[in-house]
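So the structure is just underneath, and the comments pick up after that.
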Amino acid sequence: MPSRGRPLVAGNWKMHKTVAEARSSIAELLPRLPKEDDVDVVVCAPFTALAAAVEEARGSRVAIAAQNMHEADEGGHTGEVSAPMLVDLEVEAVVLGHSERRRDNGESDRALQGKVPAALAAGLVPILCVGESEEERERGDMQRRLRAQVQEALEDVPLDRLAEAVIAYE
């Protein structure tokens with residue numbers, strides 16, 4: 001899984017790939033990886049293909065990540081997936097705060113305050129996505145926006161666990 005200080009390349013399949021396509025894509029990817037082991041490689045598969053992707057990538061240097069998770073371990077959250085469910089599938093990481101989740105589902109920095117620590121507590125590597133809108137960039141608010149996203153999302157993460165989180169700029 002992602003190593004501290006090493007570059008990470010992640011491919012997000014978004015809402016693409018059936019179970020069979022996931023197996024095939026991982027099988028095609030593995031022999032194409034560079035021989036050098038100086039970059040961490042993560043595939044972010046859709047929920048329905050996670051088990052197949054994990055199985056196909058087993059024993060390789062490709063880590064499998066989920067594209068989202070709920071902060072609660074269980075409960076009345078129809079359509080959601082929890083960290084323990086992801087761990088049970090042997091998923092190693094989870095993407096949190098993707099710009100599409102923020103835009104299309106109204107996911108806020110405040111919501112991520114619960115998700116990032118929950119991922120860490122379960123043993124998952126949180127891949128926290130941050131970024132600014134075009135309007136924020138044009139106004140010169142990029143730095144302020146990124147700082148606010150990181151500070152709020154990581155507010156409840158213990159200091160000794162901060163280095164376990166990955167921050168991805170979109």
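Scheme for the structure tokens: letters A, B, ... for chains in order shown; per-chain residue numbers from 1; ligand numbers from 1 in order shown.
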So which residues of range 64-140 of chain A fall under alpha helix (DSSP H) by DSSP, listed as an mmCIF file with N, CA and C atoms, in the first residue's frame?
data_model
loop_
_atom_site.group_PDB
_atom_site.id
_atom_site.type_symbol
_atom_site.label_atom_id
_atom_site.label_comp_id
_atom_site.auth_asym_id
_atom_site.auth_seq_id
_atom_site.Cartn_x
_atom_site.Cartn_y
_atom_site.Cartn_z
ATOM 1 N N ALA A 83 -16.310 1.215 6.356
ATOM 2 C CA ALA A 83 -14.905 0.800 6.400
ATOM 3 C C ALA A 83 -14.766 -0.690 6.720
ATOM 4 N N PRO A 84 -15.487 -1.228 7.728
ATOM 5 C CA PRO A 84 -15.359 -2.657 7.987
ATOM 6 C C PRO A 84 -15.755 -3.524 6.784
ATOM 7 N N MET A 85 -16.725 -3.078 6.001
ATOM 8 C CA MET A 85 -17.108 -3.821 4.798
ATOM 9 C C MET A 85 -15.962 -3.838 3.791
ATOM 10 N N LEU A 86 -15.282 -2.692 3.652
ATOM 11 C CA LEU A 86 -14.156 -2.599 2.722
ATOM 12 C C LEU A 86 -12.985 -3.453 3.199
ATOM 13 N N VAL A 87 -12.723 -3.409 4.490
ATOM 14 C CA VAL A 87 -11.642 -4.220 5.058
ATOM 15 C C VAL A 87 -11.936 -5.701 4.846
ATOM 16 N N ASP A 88 -13.192 -6.088 5.003
ATOM 17 C CA ASP A 88 -13.590 -7.475 4.801
ATOM 18 C C ASP A 88 -13.306 -7.932 3.367
ATOM 19 N N SER A 99 -13.894 15.376 -6.138
ATOM 20 C CA SER A 99 -14.615 16.567 -6.604
ATOM 21 C C SER A 99 -16.019 16.237 -7.110
ATOM 22 N N GLU A 100 -16.196 15.071 -7.712
ATOM 23 C CA GLU A 100 -17.527 14.697 -8.192
ATOM 24 C C GLU A 100 -18.469 14.403 -7.035
ATOM 25 N N ARG A 101 -17.961 13.802 -5.954
ATOM 26 C CA ARG A 101 -18.783 13.564 -4.759
ATOM 27 C C ARG A 101 -19.160 14.903 -4.131
ATOM 28 N N ARG A 102 -18.229 15.819 -4.110
ATOM 29 C CA ARG A 102 -18.519 17.145 -3.550
ATOM 30 C C ARG A 102 -19.568 17.865 -4.398
ATOM 31 N N ARG A 103 -19.363 17.835 -5.718
ATOM 32 C CA ARG A 103 -20.260 18.546 -6.633
ATOM 33 C C ARG A 103 -21.625 17.872 -6.745
ATOM 34 N N ASP A 104 -21.650 16.565 -6.978
ATOM 35 C CA ASP A 104 -22.898 15.874 -7.280
ATOM 36 C C ASP A 104 -23.674 15.413 -6.053
ATOM 37 N N ASN A 105 -22.976 15.196 -4.940
ATOM 38 C CA ASN A 105 -23.622 14.672 -3.742
ATOM 39 C C ASN A 105 -23.563 15.627 -2.558
ATOM 40 N N ASP A 109 -16.561 19.421 3.478
ATOM 41 C CA ASP A 109 -15.344 19.215 4.260
ATOM 42 C C ASP A 109 -15.711 18.666 5.636
ATOM 43 N N ARG A 110 -16.810 19.146 6.198
ATOM 44 C CA ARG A 110 -17.270 18.695 7.513
ATOM 45 C C ARG A 110 -17.586 17.190 7.496
ATOM 46 N N ALA A 111 -18.209 16.706 6.413
ATOM 47 C CA ALA A 111 -18.512 15.271 6.311
ATOM 48 C C ALA A 111 -17.228 14.453 6.299
ATOM 49 N N LEU A 112 -16.194 14.995 5.703
ATOM 50 C CA LEU A 112 -14.921 14.275 5.626
ATOM 51 C C LEU A 112 -14.233 14.189 6.979
ATOM 52 N N GLN A 113 -14.573 15.081 7.893
ATOM 53 C CA GLN A 113 -14.011 15.036 9.254
ATOM 54 C C GLN A 113 -14.285 13.699 9.926
ATOM 55 N N GLY A 114 -15.398 13.080 9.604
ATOM 56 C CA GLY A 114 -15.714 11.779 10.176
ATOM 57 C C GLY A 114 -15.173 10.632 9.345
ATOM 58 N N LYS A 115 -15.101 10.819 8.039
ATOM 59 C CA LYS A 115 -14.683 9.735 7.150
ATOM 60 C C LYS A 115 -13.184 9.435 7.246
ATOM 61 N N VAL A 116 -12.361 10.465 7.275
ATOM 62 C CA VAL A 116 -10.903 10.240 7.291
ATOM 63 C C VAL A 116 -10.482 9.475 8.542
ATOM 64 N N PRO A 117 -10.876 9.894 9.753
ATOM 65 C CA PRO A 117 -10.496 9.114 10.939
ATOM 66 C C PRO A 117 -11.089 7.708 10.945
ATOM 67 N N ALA A 118 -12.301 7.544 10.407
ATOM 68 C CA ALA A 118 -12.911 6.221 10.355
ATOM 69 C C ALA A 118 -12.111 5.291 9.447
ATOM 70 N N ALA A 119 -11.635 5.809 8.333
ATOM 71 C CA ALA A 119 -10.806 5.005 7.428
ATOM 72 C C ALA A 119 -9.518 4.590 8.128
ATOM 73 N N LEU A 120 -8.860 5.540 8.767
ATOM 74 C CA LEU A 120 -7.613 5.240 9.474
ATOM 75 C C LEU A 120 -7.834 4.216 10.586
ATOM 76 N N ALA A 121 -8.898 4.391 11.342
ATOM 77 C CA ALA A 121 -9.184 3.475 12.450
ATOM 78 C C ALA A 121 -9.400 2.043 11.960
ATOM 79 N N ALA A 122 -9.907 1.909 10.745
ATOM 80 C CA ALA A 122 -10.171 0.583 10.184
ATOM 81 C C ALA A 122 -8.931 -0.022 9.514
ATOM 82 N N GLU A 134 -12.994 26.523 -10.614
ATOM 83 C CA GLU A 134 -12.411 27.479 -11.568
ATOM 84 C C GLU A 134 -12.591 28.910 -11.070
ATOM 85 N N GLU A 135 -13.774 29.183 -10.506
ATOM 86 C CA GLU A 135 -14.041 30.530 -9.997
ATOM 87 C C GLU A 135 -13.100 30.893 -8.851
ATOM 88 N N GLU A 136 -12.870 29.926 -7.934
ATOM 89 C CA GLU A 136 -11.958 30.167 -6.812
ATOM 90 C C GLU A 136 -10.542 30.423 -7.321
ATOM 91 N N ARG A 137 -10.126 29.669 -8.323
ATOM 92 C CA ARG A 137 -8.796 29.853 -8.892
ATOM 93 C C ARG A 137 -8.673 31.240 -9.521
ATOM 94 N N GLU A 138 -9.688 31.638 -10.290
ATOM 95 C CA GLU A 138 -9.667 32.936 -10.971
ATOM 96 C C GLU A 138 -9.670 34.098 -9.980
#
Excluding same-chain residues fewer than 3 positions from range 128-131 of chain A, what lies within 9 Å of it counting only C-alpha atoms, as a CSV table (one decimal) with N, CA, C and O atoms, in the first residue's frame?
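That gives us around-v1.csv:
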chain,number,residue,atom,x,y,z
A,94,VAL,N,-9.1,4.1,0.4
A,94,VAL,CA,-10.4,4.6,0.0
A,94,VAL,C,-10.2,6.1,-0.4
A,94,VAL,O,-9.6,6.8,0.3
A,95,VAL,N,-10.8,6.4,-1.5
A,95,VAL,CA,-10.9,7.8,-2.0
A,95,VAL,C,-12.0,8.5,-1.2
A,95,VAL,O,-13.1,8.1,-1.1
A,96,LEU,N,-11.6,9.7,-0.7
A,96,LEU,CA,-12.6,10.5,0.1
A,96,LEU,C,-12.6,11.9,-0.4
A,96,LEU,O,-11.5,12.5,-0.7
A,97,GLY,N,-13.8,12.5,-0.6
A,97,GLY,CA,-13.9,13.9,-1.0
A,97,GLY,C,-13.6,14.2,-2.4
A,97,GLY,O,-13.2,15.3,-2.8
A,98,HIS,N,-13.8,13.2,-3.3
A,98,HIS,CA,-13.5,13.4,-4.7
A,98,HIS,C,-14.4,14.6,-5.2
A,98,HIS,O,-15.5,14.8,-4.7
A,99,SER,N,-13.9,15.4,-6.1
A,99,SER,CA,-14.6,16.6,-6.6
A,99,SER,C,-16.0,16.2,-7.1
A,99,SER,O,-16.9,17.0,-6.9
A,112,LEU,N,-16.2,15.0,5.7
A,112,LEU,CA,-14.9,14.3,5.6
A,112,LEU,C,-14.2,14.2,7.0
A,112,LEU,O,-13.4,13.3,7.2
A,116,VAL,N,-12.4,10.5,7.3
A,116,VAL,CA,-10.9,10.2,7.3
A,116,VAL,C,-10.5,9.5,8.5
A,116,VAL,O,-9.8,8.4,8.4
A,142,MET,N,-7.2,30.0,-4.5
A,142,MET,CA,-6.8,28.6,-4.5
A,142,MET,C,-6.2,28.1,-3.2
A,142,MET,O,-6.6,27.1,-2.6
A,145,ARG,N,-8.6,28.0,-0.2
A,145,ARG,CA,-9.5,26.9,-0.4
A,145,ARG,C,-8.9,25.5,0.0
A,145,ARG,O,-9.4,24.7,0.7
A,146,LEU,N,-7.7,25.3,-0.6
A,146,LEU,CA,-7.0,24.1,-0.3
A,146,LEU,C,-6.6,23.9,1.1
A,146,LEU,O,-6.8,22.8,1.7
A,149,GLN,N,-9.8,23.0,3.1
A,149,GLN,CA,-10.2,21.6,2.9
A,149,GLN,C,-9.4,20.7,3.7
A,149,GLN,O,-9.9,19.8,4.3
A,150,VAL,N,-8.0,20.9,3.6
A,150,VAL,CA,-7.1,20.0,4.3
A,150,VAL,C,-7.3,20.1,5.9
A,150,VAL,O,-7.5,19.1,6.6
A,153,ALA,N,-10.9,18.7,7.0
A,153,ALA,CA,-11.0,17.2,6.8
A,153,ALA,C,-10.1,16.4,7.8
A,153,ALA,O,-10.5,15.3,8.2
A,165,ALA,N,-2.2,9.5,5.9
A,165,ALA,CA,-3.2,9.9,4.9
A,165,ALA,C,-2.5,10.4,3.7
A,165,ALA,O,-1.4,11.0,3.8
A,166,VAL,N,-3.1,10.2,2.6
A,166,VAL,CA,-2.6,10.7,1.3
A,166,VAL,C,-3.5,11.9,0.9
A,166,VAL,O,-4.7,11.8,1.0
A,167,ILE,N,-2.8,12.9,0.4
A,167,ILE,CA,-3.6,14.1,-0.1
A,167,ILE,C,-3.4,14.2,-1.6
A,167,ILE,O,-2.3,14.2,-2.1
A,168,ALA,N,-4.5,14.1,-2.3
A,168,ALA,CA,-4.5,14.1,-3.8
A,168,ALA,C,-5.1,15.4,-4.3
A,168,ALA,O,-6.2,15.8,-4.0
A,169,TYR,N,-4.3,16.2,-5.0
A,169,TYR,CA,-4.8,17.4,-5.6
A,169,TYR,C,-5.4,17.1,-6.9
A,169,TYR,O,-4.8,16.5,-7.8
A,170,GLU,N,-6.7,17.5,-7.1
A,170,GLU,CA,-7.4,17.3,-8.3
A,170,GLU,C,-7.4,18.6,-9.1
A,170,GLU,O,-7.8,19.6,-8.7
Extract, using only C-alpha atoms, all DNA, RNA and protein residues at most 7 Å from range 47-49 of chain A, discarding same-chain residues fewer than 6 positions from it, and format them as an mmCIF file with N, CA and C atoms, in the first residue's frame.
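Saved file selection.cif follows:
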data_model
loop_
_atom_site.group_PDB
_atom_site.id
_atom_site.type_symbol
_atom_site.label_atom_id
_atom_site.label_comp_id
_atom_site.auth_asym_id
_atom_site.auth_seq_id
_atom_site.Cartn_x
_atom_site.Cartn_y
_atom_site.Cartn_z
ATOM 1 N N THR A 18 -17.428 -3.692 -15.359
ATOM 2 C CA THR A 18 -18.158 -4.784 -14.719
ATOM 3 C C THR A 18 -17.135 -5.643 -13.982
ATOM 4 N N VAL A 19 -17.593 -6.675 -13.313
ATOM 5 C CA VAL A 19 -16.685 -7.591 -12.619
ATOM 6 C C VAL A 19 -15.711 -8.210 -13.622
ATOM 7 N N ALA A 22 -13.207 -5.697 -14.830
ATOM 8 C CA ALA A 22 -12.224 -5.379 -13.780
ATOM 9 C C ALA A 22 -11.136 -6.437 -13.752
ATOM 10 N N ALA A 66 -11.341 1.701 -2.672
ATOM 11 C CA ALA A 66 -12.755 2.000 -2.912
ATOM 12 C C ALA A 66 -12.865 3.475 -3.281
#
